[in-house]
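Text of the file target-v5.cif, holding mmCIF, C-alpha atoms:
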data_coords
#
loop_
_atom_site.label_atom_id
_atom_site.label_comp_id
_atom_site.auth_asym_id
_atom_site.auth_seq_id
_atom_site.Cartn_x
_atom_site.Cartn_y
_atom_site.Cartn_z
CA MET A 1035 156.72 17.30 -48.35
CA SER A 1036 153.18 16.71 -47.10
CA ASP A 1037 151.92 18.80 -44.21
CA SER A 1038 149.82 15.84 -43.14
CA ARG A 1039 152.89 14.17 -41.67
CA ARG A 1040 152.51 16.49 -38.67
CA GLU A 1041 149.41 14.52 -37.77
CA PHE A 1042 150.84 11.13 -38.68
CA ILE A 1043 152.21 10.25 -35.26
CA LYS A 1044 148.84 11.04 -33.71
CA LYS A 1045 146.93 8.56 -35.84
CA SER A 1046 145.49 5.53 -34.12
CA ALA A 1047 145.52 2.02 -35.55
CA ILE A 1048 143.17 1.27 -38.42
CA VAL A 1049 142.54 -1.90 -40.35
CA VAL A 1050 141.53 -1.78 -44.00
CA GLY A 1051 140.38 -5.08 -45.40
CA GLY A 1052 141.01 -6.27 -48.92
CA THR A 1053 143.18 -3.31 -49.93
CA GLY A 1054 146.69 -4.63 -49.44
CA LEU A 1055 147.05 -2.96 -46.03
CA VAL A 1056 147.66 -5.68 -43.45
CA ALA A 1057 148.46 -3.61 -40.38
CA ALA A 1058 148.50 0.01 -39.33
CA ALA A 1059 150.33 2.39 -37.04
CA SER A 1060 149.30 3.03 -33.49
CA LYS A 1061 150.71 5.75 -31.27
CA ALA A 1062 154.48 5.39 -30.98
CA SER A 1063 157.36 7.34 -29.62
CA TYR A 1064 159.14 9.54 -32.16
CA SER A 1065 161.28 11.32 -29.59
CA VAL A 1066 164.30 10.83 -31.83
CA PHE A 1067 162.72 13.37 -34.17
CA ASN A 1068 161.92 16.01 -31.57
CA SER A 1069 164.85 18.12 -32.73
CA ILE A 1070 164.00 17.69 -36.42
CA ALA A 1071 161.54 20.13 -37.95
CA PRO A 1072 158.68 18.43 -39.84
CA SER A 1073 159.78 20.20 -43.02
CA ASP A 1074 163.21 18.54 -42.72
CA THR A 1075 161.89 15.03 -42.10
CA VAL A 1076 161.96 12.50 -44.93
CA ASN A 1077 159.42 9.69 -44.69
CA VAL A 1078 160.64 6.53 -46.39
CA ALA A 1079 158.98 3.23 -47.24
CA LEU A 1080 160.52 -0.10 -48.21
CA ILE A 1081 159.27 -2.41 -50.95
CA GLY A 1082 160.87 -5.83 -50.48
CA CYS A 1083 161.97 -6.34 -46.87
CA ASN A 1084 164.17 -9.42 -47.16
CA PHE A 1085 167.95 -9.67 -47.62
CA MET A 1086 169.53 -6.37 -48.75
CA GLY A 1087 166.34 -4.33 -48.57
CA PHE A 1088 166.18 -4.14 -44.80
CA PRO A 1089 169.88 -3.29 -44.19
CA VAL A 1090 169.60 -0.55 -46.82
CA LEU A 1091 166.55 0.81 -45.01
CA GLN A 1092 168.52 0.81 -41.75
CA LYS A 1093 171.28 2.85 -43.39
CA HIS A 1094 168.66 5.41 -44.37
CA LEU A 1095 167.25 5.46 -40.85
CA ALA A 1096 170.73 6.30 -39.57
CA VAL A 1097 170.53 9.60 -41.45
CA PRO A 1098 169.10 12.31 -39.13
CA GLY A 1099 165.51 13.21 -39.91
CA VAL A 1100 164.61 9.98 -41.74
CA ARG A 1101 161.82 7.75 -40.51
CA CYS A 1102 160.17 4.60 -41.79
CA VAL A 1103 156.43 5.01 -42.29
CA ALA A 1104 155.65 1.88 -44.34
CA LEU A 1105 156.91 -1.59 -45.20
CA CYS A 1106 155.70 -3.78 -48.05
CA ASP A 1107 156.34 -7.46 -48.74
CA ILE A 1108 154.44 -10.41 -50.19
CA ASP A 1109 155.66 -12.62 -47.33
CA ASN A 1110 153.85 -11.81 -44.10
CA ASN A 1111 156.45 -13.76 -42.13
CA ILE A 1112 159.21 -11.40 -43.31
CA LEU A 1113 156.97 -8.36 -43.04
CA GLU A 1114 156.02 -8.91 -39.41
CA LYS A 1115 159.56 -9.81 -38.40
CA LYS A 1116 161.03 -6.62 -39.89
CA ALA A 1117 158.22 -4.45 -38.55
CA LYS A 1118 159.00 -5.69 -35.04
CA ILE A 1119 162.64 -4.67 -35.46
CA ILE A 1120 161.62 -1.17 -36.59
CA GLU A 1121 159.31 -0.82 -33.61
CA GLU A 1122 161.78 -2.10 -31.03
CA GLU A 1123 164.99 -0.53 -32.31
CA TYR A 1124 163.71 2.72 -33.81
CA GLN A 1125 160.51 3.36 -31.81
CA GLN A 1126 158.55 3.66 -35.04
CA LYS A 1127 155.55 1.63 -36.12
CA PRO A 1128 155.21 1.59 -39.91
CA LEU A 1129 152.10 0.74 -41.85
CA LEU A 1130 152.36 -2.72 -43.39
CA TYR A 1131 151.31 -3.64 -46.91
CA ASN A 1132 151.27 -6.68 -49.17
CA ASP A 1133 150.61 -4.68 -52.35
CA PHE A 1134 153.00 -1.83 -53.07
CA ARG A 1135 150.44 -0.11 -55.31
CA LYS A 1136 148.23 0.47 -52.29
CA MET A 1137 151.23 1.65 -50.32
CA LEU A 1138 152.05 4.27 -52.96
CA GLU A 1139 148.66 5.90 -52.32
CA ASN A 1140 149.97 6.95 -48.91
CA LYS A 1141 150.65 10.67 -49.26
CA ASP A 1142 152.86 10.72 -46.15
CA ILE A 1143 155.56 8.82 -48.06
CA ASP A 1144 158.29 10.98 -49.60
CA ALA A 1145 160.58 8.26 -50.92
CA VAL A 1146 160.59 4.52 -51.46
CA ILE A 1147 163.37 1.96 -51.44
CA VAL A 1148 162.83 -0.71 -54.09
CA SER A 1149 164.60 -3.92 -53.08
CA THR A 1150 162.44 -6.52 -54.75
CA PRO A 1151 163.70 -9.27 -57.05
CA ASP A 1152 165.03 -7.67 -60.24
CA HIS A 1153 161.98 -8.45 -62.39
CA TRP A 1154 159.89 -6.11 -60.21
CA HIS A 1155 162.28 -3.12 -60.21
CA CYS A 1156 160.83 -1.39 -63.25
CA LEU A 1157 157.16 -1.43 -62.28
CA ALA A 1158 157.80 -0.51 -58.65
CA MET A 1159 160.11 2.37 -59.59
CA VAL A 1160 157.90 3.76 -62.36
CA TYR A 1161 154.71 3.55 -60.28
CA ALA A 1162 156.52 5.29 -57.43
CA CYS A 1163 157.64 8.10 -59.74
CA GLN A 1164 154.10 8.47 -61.03
CA ALA A 1165 152.89 8.71 -57.42
CA GLY A 1166 155.31 11.58 -56.77
CA LYS A 1167 157.81 9.60 -54.70
CA ASP A 1168 161.58 9.76 -54.99
CA VAL A 1169 163.20 6.36 -55.42
CA TYR A 1170 166.23 4.40 -54.24
CA VAL A 1171 166.26 1.32 -56.48
CA GLU A 1172 168.62 -1.59 -55.97
CA LYS A 1173 171.00 -2.71 -58.67
CA PRO A 1174 170.84 -3.95 -61.32
CA MET A 1175 168.43 -1.20 -62.20
CA ALA A 1176 166.20 -3.66 -64.07
CA ASN A 1177 166.10 -7.18 -65.45
CA THR A 1178 166.11 -6.15 -69.13
CA ILE A 1179 167.52 -3.38 -71.29
CA GLU A 1180 164.15 -1.89 -72.26
CA GLU A 1181 163.02 -1.71 -68.63
CA CYS A 1182 166.13 0.37 -67.93
CA ASN A 1183 165.16 2.71 -70.77
CA VAL A 1184 161.67 3.12 -69.37
CA MET A 1185 162.98 3.87 -65.88
CA VAL A 1186 165.30 6.63 -67.10
CA LYS A 1187 162.40 8.23 -68.97
CA ALA A 1188 160.13 7.97 -65.92
CA ALA A 1189 162.65 9.67 -63.63
CA HIS A 1190 162.82 12.64 -65.99
CA LYS A 1191 159.15 12.85 -66.94
CA TYR A 1192 158.01 12.90 -63.31
CA ASN A 1193 160.98 14.97 -62.10
CA ARG A 1194 161.98 12.53 -59.40
CA VAL A 1195 165.25 12.08 -57.51
CA VAL A 1196 166.50 8.55 -58.20
CA GLN A 1197 169.46 6.77 -56.65
CA VAL A 1198 170.56 3.39 -58.03
CA GLY A 1199 172.11 1.11 -55.41
CA GLN A 1200 175.63 1.05 -56.82
CA GLN A 1201 176.98 2.25 -53.50
CA GLN A 1202 180.67 1.96 -54.30
CA ARG A 1203 180.33 5.30 -56.12
CA SER A 1204 179.86 6.90 -52.70
CA GLY A 1205 182.96 5.27 -51.22
CA GLU A 1206 185.94 7.46 -50.43
CA GLN A 1207 188.45 4.76 -51.30
CA TRP A 1208 186.89 4.23 -54.73
CA GLN A 1209 186.80 7.95 -55.36
CA THR A 1210 190.48 8.16 -54.41
CA ILE A 1211 191.31 5.32 -56.79
CA MET A 1212 189.49 7.09 -59.63
CA LYS A 1213 191.34 10.34 -58.94
CA ARG A 1214 194.70 8.56 -59.09
CA ILE A 1215 193.83 6.89 -62.38
CA HIS A 1216 192.36 10.03 -63.93
CA SER A 1217 195.32 12.16 -62.85
CA GLY A 1218 197.60 10.15 -65.12
CA ASP A 1219 200.42 9.89 -62.58
CA LEU A 1220 200.23 6.09 -62.78
CA GLY A 1221 200.49 6.23 -66.54
CA LYS A 1222 197.90 5.39 -69.16
CA LEU A 1223 195.06 3.06 -68.16
CA ARG A 1224 195.29 0.07 -70.48
CA LYS A 1225 193.17 -2.64 -68.94
CA VAL A 1226 190.76 -3.39 -66.09
CA GLU A 1227 190.63 -7.01 -65.02
CA ILE A 1228 187.60 -8.12 -62.99
CA TRP A 1229 186.99 -11.42 -61.22
CA SER A 1230 183.96 -12.56 -59.26
CA ASN A 1231 184.00 -16.00 -57.65
CA TRP A 1232 181.26 -16.86 -55.17
CA ASP A 1233 179.87 -20.12 -53.78
CA TYR A 1234 176.26 -18.95 -53.95
CA GLY A 1235 176.46 -18.42 -57.72
CA VAL A 1236 175.63 -22.08 -58.39
CA GLY A 1237 172.31 -21.90 -56.56
CA LEU A 1238 170.98 -24.47 -54.12
CA LYS A 1239 170.84 -28.22 -54.46
CA LYS A 1240 167.77 -29.34 -56.37
CA VAL A 1241 164.72 -30.12 -54.26
CA ALA A 1242 161.21 -31.24 -55.04
CA ASP A 1243 158.33 -28.80 -55.52
CA GLN A 1244 156.29 -28.07 -52.43
CA PRO A 1245 153.23 -26.05 -51.34
CA VAL A 1246 153.51 -22.28 -51.24
CA PRO A 1247 154.58 -21.32 -47.69
CA ALA A 1248 151.85 -19.95 -45.44
CA GLY A 1249 151.64 -16.18 -45.51
CA VAL A 1250 153.16 -15.84 -49.00
CA ASP A 1251 151.33 -14.30 -51.97
CA TYR A 1252 153.27 -16.19 -54.63
CA ASN A 1253 151.21 -14.90 -57.55
CA MET A 1254 152.10 -11.35 -56.52
CA TRP A 1255 155.74 -12.37 -56.11
CA LEU A 1256 155.76 -13.62 -59.71
CA GLY A 1257 154.05 -10.44 -60.90
CA PRO A 1258 154.98 -9.79 -64.55
CA ALA A 1259 157.14 -12.93 -64.75
CA PRO A 1260 155.78 -16.11 -66.38
CA LEU A 1261 153.34 -18.17 -64.36
CA GLN A 1262 154.82 -21.06 -62.37
CA LYS A 1263 152.19 -23.67 -61.65
CA THR A 1264 154.23 -25.12 -58.81
CA PHE A 1265 156.38 -23.57 -56.07
CA ASN A 1266 160.04 -24.41 -55.51
CA GLN A 1267 162.16 -22.80 -52.82
CA ASN A 1268 165.16 -22.70 -55.17
CA ARG A 1269 163.38 -20.03 -57.22
CA PHE A 1270 162.31 -17.98 -54.21
CA HIS A 1271 164.04 -16.01 -51.44
CA GLY A 1272 167.61 -15.14 -52.33
CA TYR A 1273 168.22 -17.71 -55.05
CA TRP A 1274 165.67 -16.34 -57.51
CA ARG A 1275 168.54 -14.46 -59.17
CA MET A 1276 169.82 -17.72 -60.67
CA PHE A 1277 166.78 -17.90 -62.97
CA TRP A 1278 166.39 -15.68 -66.04
CA ASP A 1279 162.78 -14.72 -65.32
CA TYR A 1280 163.86 -12.87 -62.17
CA GLY A 1281 167.59 -12.08 -62.40
CA GLY A 1282 170.88 -12.49 -64.23
CA GLY A 1283 173.08 -14.50 -61.89
CA LEU A 1284 176.44 -13.32 -60.65
CA MET A 1285 176.86 -11.12 -63.71
CA THR A 1286 174.01 -8.79 -62.74
CA ASP A 1287 174.63 -9.14 -59.01
CA TRP A 1288 178.33 -8.64 -58.26
CA GLY A 1289 179.22 -7.99 -61.89
CA VAL A 1290 177.29 -4.73 -61.91
CA HIS A 1291 179.18 -3.37 -58.89
CA LEU A 1292 182.56 -4.24 -60.36
CA LEU A 1293 181.82 -3.19 -63.93
CA ASP A 1294 180.63 0.16 -62.60
CA MET A 1295 184.11 0.84 -61.20
CA ALA A 1296 185.77 -0.34 -64.41
CA LEU A 1297 183.69 2.11 -66.44
CA LEU A 1298 184.31 4.99 -64.04
CA ALA A 1299 188.05 4.38 -64.34
CA GLY A 1300 187.85 5.22 -68.04
CA ASN A 1301 185.25 7.98 -67.65
CA VAL A 1302 182.93 5.95 -69.88
CA THR A 1303 179.42 7.39 -70.00
CA SER A 1304 178.10 5.74 -73.16
CA ALA A 1305 176.27 2.48 -73.68
CA PRO A 1306 178.35 -0.56 -74.64
CA LYS A 1307 179.06 -1.06 -78.33
CA THR A 1308 180.62 -4.51 -78.44
CA VAL A 1309 180.78 -7.51 -76.14
CA MET A 1310 182.51 -10.87 -76.55
CA ALA A 1311 181.44 -13.55 -74.11
CA TYR A 1312 181.65 -17.23 -73.23
CA GLY A 1313 179.48 -18.79 -70.57
CA ASP A 1314 178.17 -22.17 -69.49
CA ASN A 1315 177.18 -24.31 -66.54
CA LEU A 1316 180.17 -26.61 -66.22
CA SER A 1317 179.89 -27.95 -62.69
CA PHE A 1318 177.56 -28.55 -59.73
CA LYS A 1319 175.02 -30.34 -61.89
CA ASP A 1320 172.98 -31.22 -58.81
CA HIS A 1321 172.25 -27.52 -58.17
CA ALA A 1322 169.23 -25.61 -59.50
CA ARG A 1323 170.00 -22.66 -61.76
CA GLN A 1324 169.74 -21.32 -65.31
CA THR A 1325 172.33 -18.53 -65.11
CA PHE A 1326 175.96 -19.39 -65.82
CA ASP A 1327 178.47 -20.63 -63.28
CA THR A 1328 181.44 -19.93 -65.58
CA MET A 1329 181.92 -16.81 -67.72
CA SER A 1330 184.69 -14.99 -69.57
CA VAL A 1331 183.76 -11.63 -71.08
CA ILE A 1332 185.61 -8.87 -72.92
CA PHE A 1333 184.24 -5.32 -73.25
CA PRO A 1334 186.44 -3.35 -75.70
CA GLN A 1335 186.54 0.39 -74.98
CA LYS A 1336 187.89 3.25 -77.08
CA ASP A 1337 191.35 3.28 -75.50
CA TYR A 1338 191.39 0.45 -72.96
CA VAL A 1339 189.78 -2.93 -72.41
CA ILE A 1340 187.66 -4.43 -69.63
CA SER A 1341 187.77 -8.17 -68.98
CA TYR A 1342 185.51 -10.09 -66.62
CA GLU A 1343 185.98 -13.59 -65.22
CA GLN A 1344 183.49 -15.55 -63.14
CA THR A 1345 183.74 -19.01 -61.56
CA ALA A 1346 180.76 -19.65 -59.32
CA GLY A 1347 181.07 -22.37 -56.72
CA THR A 1348 184.60 -21.27 -55.86
CA GLN A 1349 185.86 -18.53 -53.57
CA ASN A 1350 189.50 -18.22 -54.58
CA GLY A 1351 190.97 -15.73 -56.99
CA PRO A 1352 193.93 -13.53 -57.90
CA TYR A 1353 195.80 -11.85 -55.02
CA ASP A 1354 194.03 -14.26 -52.61
CA MET A 1355 190.76 -12.38 -53.26
CA ASN A 1356 187.57 -14.10 -54.41
CA TYR A 1357 186.49 -10.87 -56.11
CA GLY A 1358 188.16 -7.65 -57.11
CA LEU A 1359 189.52 -5.39 -59.82
CA ARG A 1360 193.00 -4.77 -61.17
CA PHE A 1361 193.41 -1.40 -62.88
CA VAL A 1362 196.47 -1.83 -65.12
CA CYS A 1363 198.34 1.38 -65.92
CA ASP A 1364 201.77 1.85 -67.46
CA ASN A 1365 203.51 2.75 -64.20
CA ALA A 1366 201.53 0.71 -61.69
CA SER A 1367 198.47 -1.43 -61.10
CA ILE A 1368 195.83 -0.82 -58.47
CA VAL A 1369 194.25 -3.94 -56.99
CA ALA A 1370 191.01 -3.13 -55.19
CA SER A 1371 187.99 -4.55 -53.38
CA ARG A 1372 185.77 -3.39 -50.54
CA TYR A 1373 188.52 -4.50 -48.18
CA GLY A 1374 190.86 -1.78 -49.42
CA TYR A 1375 193.38 -1.38 -52.22
CA LYS A 1376 197.06 -1.51 -52.97
CA ILE A 1377 199.26 0.13 -55.56
CA LEU A 1378 201.72 -2.27 -57.18
CA PRO A 1379 204.37 -0.28 -59.07
CA GLU A 1380 206.17 -1.39 -62.21
CA TYR A 1381 209.97 -1.48 -62.03
CA ASP A 1382 212.12 0.79 -64.20
CA GLU A 1383 215.22 -1.11 -65.32
CA GLU A 1384 217.00 2.10 -66.39
CA THR A 1385 216.62 4.02 -63.14
CA LYS A 1386 216.57 0.86 -61.00
CA ALA A 1387 213.57 2.23 -59.14
CA ASP A 1388 209.82 1.72 -58.95
CA LYS A 1389 207.78 3.83 -61.35
CA ALA A 1390 205.30 4.68 -58.59
CA GLU A 1391 205.15 4.58 -54.83
CA LYS A 1392 203.80 1.46 -53.18
CA PHE A 1393 200.69 1.92 -51.08
CA VAL A 1394 198.37 -0.33 -49.09
CA LEU A 1395 195.01 0.52 -47.52
CA ASP A 1396 193.56 -2.31 -45.47
CA LYS A 1397 190.11 -1.12 -44.46
CA PHE A 1398 186.68 -2.59 -45.18
CA ARG A 1399 183.90 -0.25 -46.30
CA GLU A 1400 180.70 -1.24 -48.10
CA ASN A 1401 179.48 2.40 -48.33
CA HIS A 1402 175.71 1.90 -48.05
CA ASP A 1403 175.67 4.53 -45.32
CA LEU A 1404 177.22 7.21 -47.55
CA HIS A 1405 174.99 6.22 -50.46
CA ALA A 1406 171.86 6.60 -48.34
CA LYS A 1407 173.09 9.94 -47.02
CA ASN A 1408 173.65 11.18 -50.57
CA PHE A 1409 170.13 10.14 -51.56
CA ILE A 1410 168.52 11.96 -48.62
CA GLU A 1411 170.57 15.09 -49.27
CA CYS A 1412 169.53 15.07 -52.92
CA ILE A 1413 165.87 14.67 -51.95
CA LYS A 1414 166.14 17.82 -49.85
CA ASP A 1415 167.94 20.01 -52.38
CA ARG A 1416 166.52 18.31 -55.53
CA SER A 1417 169.97 17.69 -56.99
CA GLU A 1418 171.23 14.72 -58.99
CA THR A 1419 172.36 11.69 -57.01
CA ILE A 1420 175.83 10.19 -57.24
CA CYS A 1421 174.33 7.25 -59.14
CA PRO A 1422 171.48 8.61 -61.28
CA PRO A 1423 169.33 6.35 -63.48
CA GLU A 1424 171.53 6.94 -66.53
CA ALA A 1425 174.45 5.38 -64.66
CA GLY A 1426 172.26 2.49 -63.53
CA ARG A 1427 171.10 1.90 -67.09
CA GLN A 1428 174.63 1.97 -68.46
CA VAL A 1429 176.17 -0.68 -66.26
CA ALA A 1430 173.04 -2.85 -66.32
CA MET A 1431 173.30 -2.86 -70.11
CA TYR A 1432 176.89 -4.12 -69.93
CA ALA A 1433 175.86 -6.98 -67.66
CA HIS A 1434 172.76 -7.86 -69.68
CA MET A 1435 174.68 -7.75 -72.96
CA ALA A 1436 177.20 -10.28 -71.62
CA ASN A 1437 174.40 -12.66 -70.61
CA ILE A 1438 172.54 -12.10 -73.88
CA ALA A 1439 175.66 -12.80 -75.94
CA VAL A 1440 175.81 -16.26 -74.41
CA ARG A 1441 172.07 -16.94 -74.26
CA SER A 1442 171.64 -16.02 -77.94
CA GLY A 1443 174.50 -18.28 -79.02
CA GLU A 1444 176.21 -15.39 -80.79
CA ASN A 1445 179.08 -14.88 -78.29
CA MET A 1446 179.87 -11.52 -79.93
CA LEU A 1447 177.30 -8.74 -80.17
CA VAL A 1448 177.32 -5.23 -81.62
CA TRP A 1449 174.90 -2.70 -80.12
CA ASP A 1450 173.40 0.47 -81.64
CA ASP A 1451 172.08 2.63 -78.83
CA ASP A 1452 170.20 5.01 -81.13
CA GLN A 1453 168.20 2.12 -82.57
CA ASN A 1454 168.04 0.27 -79.22
CA LYS A 1455 168.98 -2.99 -80.90
CA PHE A 1456 171.79 -5.38 -81.70
CA LEU A 1457 173.01 -5.05 -85.27
CA ASN A 1458 174.08 -8.64 -85.79
CA SER A 1459 171.47 -10.86 -84.15
CA GLU A 1460 167.69 -10.93 -84.14
CA THR A 1461 167.88 -13.72 -81.58
CA ALA A 1462 169.75 -11.39 -79.24
CA ASN A 1463 167.17 -8.65 -79.88
CA SER A 1464 164.45 -10.96 -78.57
CA PHE A 1465 165.96 -10.48 -75.09
CA VAL A 1466 165.87 -6.66 -75.15
CA VAL A 1467 162.17 -6.14 -74.32
CA PRO A 1468 160.52 -8.28 -71.63
CA LYS A 1469 157.29 -10.15 -72.20
CA TYR A 1470 155.07 -9.33 -69.22
CA ARG A 1471 152.44 -11.71 -67.93
CA ALA A 1472 148.92 -10.27 -68.07
CA PRO A 1473 147.49 -8.18 -66.55
CA TRP A 1474 150.87 -6.51 -66.00
CA GLU A 1475 152.14 -4.27 -68.78
CA LEU A 1476 155.48 -2.63 -69.43
CA PRO A 1477 154.88 1.10 -68.83
CA LYS A 1478 154.89 3.42 -71.83
CA ILE A 1479 156.60 6.65 -70.91
#

As structure tokens:
Amino acid sequence: MSDSRREFIKKSAIVVGGTGLVAAASKASYSVFNSIAPSDTVNVALIGCNFMGFPVLQKHLAVPGVRCVALCDIDNNILEKKAKIIEEEYQQKPLLYNDFRKMLENKDIDAVIVSTPDHWHCLAMVYACQAGKDVYVEKPMANTIEECNVMVKAAHKYNRVVQVGQQQRSGEQWQTIMKRIHSGDLGKLRKVEIWSNWDYGVGLKKVADQPVPAGVDYNMWLGPAPLQKTFNQNRFHGYWRMFWDYGGGLMTDWGVHLLDMALLAGNVTSAPKTVMAYGDNLSFKDHARQTFDTMSVIFPQKDYVISYEQTAGTQNGPYDMNYGLRFVCDNASIVASRYGYKILPEYDEETKADKAEKFVLDKFRENHDLHAKNFIECIKDRSETICPPEAGRQVAMYAHMANIAVRSGENMLVWDDDQNKFLNSETANSFVVPKYRAPWELPKI
């Protein structure tokens, strides 16, 4: 870590025009760090301050010895609002940037949190690695398969610690569930059923185009995505993920979290080989979106099967849960969500007894705090995180393959990971590598 951080809190405010730096730090109280040696302090910066980005930053700031030294966003309204919270609640005054490339020149920064729209994940993460920063990147790791490949290579080439924001891996209840399944005492795992039903998955009601809001650099927000000559709020804050240029809908949002647990249950570490999928927009025709409101997907594994169901615009589901997983074993099923889990035993007609003991845990945990703690610990001892880039790539590929199967019209795809291509569809292969808008280019690692 840079020795210059010792002087950081003594720096007075500076203003640099035309460089992407829109505000600077003045003297502030860092008394919370008085007991933390400079060598044990981790300076973090956030790229993308809206929605999940800021709560994730706050979870990092709850870890002793972590401080926020910079914030970056293309929306000055969001940037100034979040900076005020950092100053008032944490007694820290971060430097503020509109352009993350300029921010990455700051040698006081040890690690960055990338919480931009998905189409920016790859460039922000790779540039950060090249600048010598460790990276916490939100899920899905990237918006395309090839971007995921590039990000894995970058993490290794530049020897960076990378945590992908699949925080359920850090959760004690999920780890306990995996131990029960892997122990075999519930019998053989045969199937994992996933469902994900959310109102927001249908997007917002259609509205007319309008001027770009004051304080927003919309061209920078688009970045490598295709140029949009007009601005529409339905493609902006929050609901961008319902458009293919920026995200993959519910499948790459909640689907990634849930698929990650389904893969861990079977100790799957390889890329997907086959996917069978149906998807369409069947309802809410007055809402703006491209991604699918309704999906049914099957991911065959070597010795079990994963199924995924999605009905956006609804919030009901099996076991009175709008989302969740059912791990089906011979002796019992485990039904789980972030609100807890329960073991539902099968009944043995011969012994007239349950084949397993019933159990219910009713406790909500979203586990961002533990995930942030793991990342900071790994930065300090240079160990592998609980969700390294390989794991982020794997589950992102499952989600992208499901979407691609439907978008390509094939409905069933076969993947060869060595060749980085689908074996049965050139149309599907056209979705593997993104087409960046100039002057942005997909990094070559």

Long-range neighbours of Val1241 in chain A as a PyMOL selection string, 12 Å cut-off, all atoms listed in the file, 5 positions minimum in chain:
chain A and resi 1265-1269+1320-1323

Output of the PyMOL selection byres ((chain A and resi 1343-1349) around 9), listed as number ranges by chain:
A: 1227-1237, 1284-1285, 1289, 1317-1318, 1326-1331, 1341-1342, 1350-1351, 1355-1357

Pick from A:Pro1245, A:Gly1218, A:Pro1089, A:Gly1443, whichever lies nearest to Asn1458 in chain A using all atoms listed in the file:
A:Gly1443

Neighbourhood query: residues within 12 Å of (198.6, 1.3, -60.3), file coordinates, counting all atoms listed in the file; return as a PyMOL selection string.
chain A and resi 1211-1226+1299+1359-1370+1375-1381+1388-1394

Tell me which protein, DNA and RNA residues are within 12 Å of Ile1119 in chain A, counting all atoms listed in the file, leaving out same-chain ones fewer than 3 positions away, and put them as a tab-separated table (two decimals) with C-alpha atoms, in the frame of the given file.
chain	number	residue	atom	x	y	z
A	1083	CYS	CA	161.97	-6.34	-46.87
A	1088	PHE	CA	166.18	-4.14	-44.80
A	1089	PRO	CA	169.88	-3.29	-44.19
A	1091	LEU	CA	166.55	0.81	-45.01
A	1092	GLN	CA	168.52	0.81	-41.75
A	1102	CYS	CA	160.17	4.60	-41.79
A	1105	LEU	CA	156.91	-1.59	-45.20
A	1112	ILE	CA	159.21	-11.40	-43.31
A	1113	LEU	CA	156.97	-8.36	-43.04
A	1114	GLU	CA	156.02	-8.91	-39.41
A	1115	LYS	CA	159.56	-9.81	-38.40
A	1116	LYS	CA	161.03	-6.62	-39.89
A	1122	GLU	CA	161.78	-2.10	-31.03
A	1123	GLU	CA	164.99	-0.53	-32.31
A	1124	TYR	CA	163.71	2.72	-33.81
A	1125	GLN	CA	160.51	3.36	-31.81
A	1126	GLN	CA	158.55	3.66	-35.04
A	1127	LYS	CA	155.55	1.63	-36.12
A	1128	PRO	CA	155.21	1.59	-39.91

Best match for closeness to Ala1430 in chain A among A:Pro1151, A:Gly1282, A:Pro1477, A:Gly1166, counting all atoms listed in the file
A:Gly1282

Surrounding residues of Ile1143 in chain A excluding itself and chain neighbours under 6 positions, 7 Å, all atoms listed in the file, as a list in words:
Asn1077, Val1078, Ala1079 and Val1103 of chain A

Selected residue of minimal separation from Thr1325 in chain A among A:Gln1209, A:Thr1150, A:Asn1437, A:Asn1193, counting all atoms listed in the file:
A:Asn1437

Do you know which residues are at most 10 Å from Asn1408 in chain A counting all atoms listed in the file, after dropping those on the same chain fewer than 2 positions away, and could you put them as a count of residues only?
19

Using the chain letters and numbers from this file, what does the PyMOL selection byres ((chain A and resi 1144) around 12) select? Give the answer as a PyMOL selection string.
chain A and resi 1035-1039+1073-1080+1100-1104+1137-1143+1145-1147+1162-1163+1165-1170+1194-1195+1410+1413-1414

In terms of the shortest atom-to-atom distance over only C-alpha atoms, which of A:Lys1240, A:Lys1136, A:Arg1372, A:Lys1478 is closest to Phe1398 in chain A?
A:Arg1372

Hey, which of A:Glu1460, A:Glu1172, A:Glu1121, A:Asp1243 ends up closest to Ile1081 in chain A? Count all atoms listed in the file.
A:Glu1172

Applying 10 Å and only C-alpha atoms, which residues near Lys1455 in chain A remain after dropping the ones on its own chain fewer than 6 positions away? List them as a VMD selection string.
chain A and resid 1179 to 1180 1448 to 1449 1462 to 1467

Could you save those same residues with C-alpha atoms as a PDB file, keeping the file's coordinate frame?
ATOM      1  CA  ILE A1179     167.520  -3.380 -71.290  1.00  0.00           C
ATOM      2  CA  GLU A1180     164.150  -1.890 -72.260  1.00  0.00           C
ATOM      3  CA  VAL A1448     177.320  -5.230 -81.620  1.00  0.00           C
ATOM      4  CA  TRP A1449     174.900  -2.700 -80.120  1.00  0.00           C
ATOM      5  CA  ALA A1462     169.750 -11.390 -79.240  1.00  0.00           C
ATOM      6  CA  ASN A1463     167.170  -8.650 -79.880  1.00  0.00           C
ATOM      7  CA  SER A1464     164.450 -10.960 -78.570  1.00  0.00           C
ATOM      8  CA  PHE A1465     165.960 -10.480 -75.090  1.00  0.00           C
ATOM      9  CA  VAL A1466     165.870  -6.660 -75.150  1.00  0.00           C
ATOM     10  CA  VAL A1467     162.170  -6.140 -74.320  1.00  0.00           C
TER      11      VAL A1467
END

Restricting the calculation to all atoms listed in the file, which member of A:Ser1371, A:Ile1340, A:Arg1471, A:Pro1258 is positioned closest to Asp1354 in chain A?
A:Ser1371

Which residues would end up in the selection if the PyMOL selection byres ((chain A and resi 1435) around 10) were applied here, given that I need the answer as a PyMOL selection string?
chain A and resi 1178-1179+1306-1311+1333+1429-1434+1436-1441+1445-1449+1456+1462+1465-1466
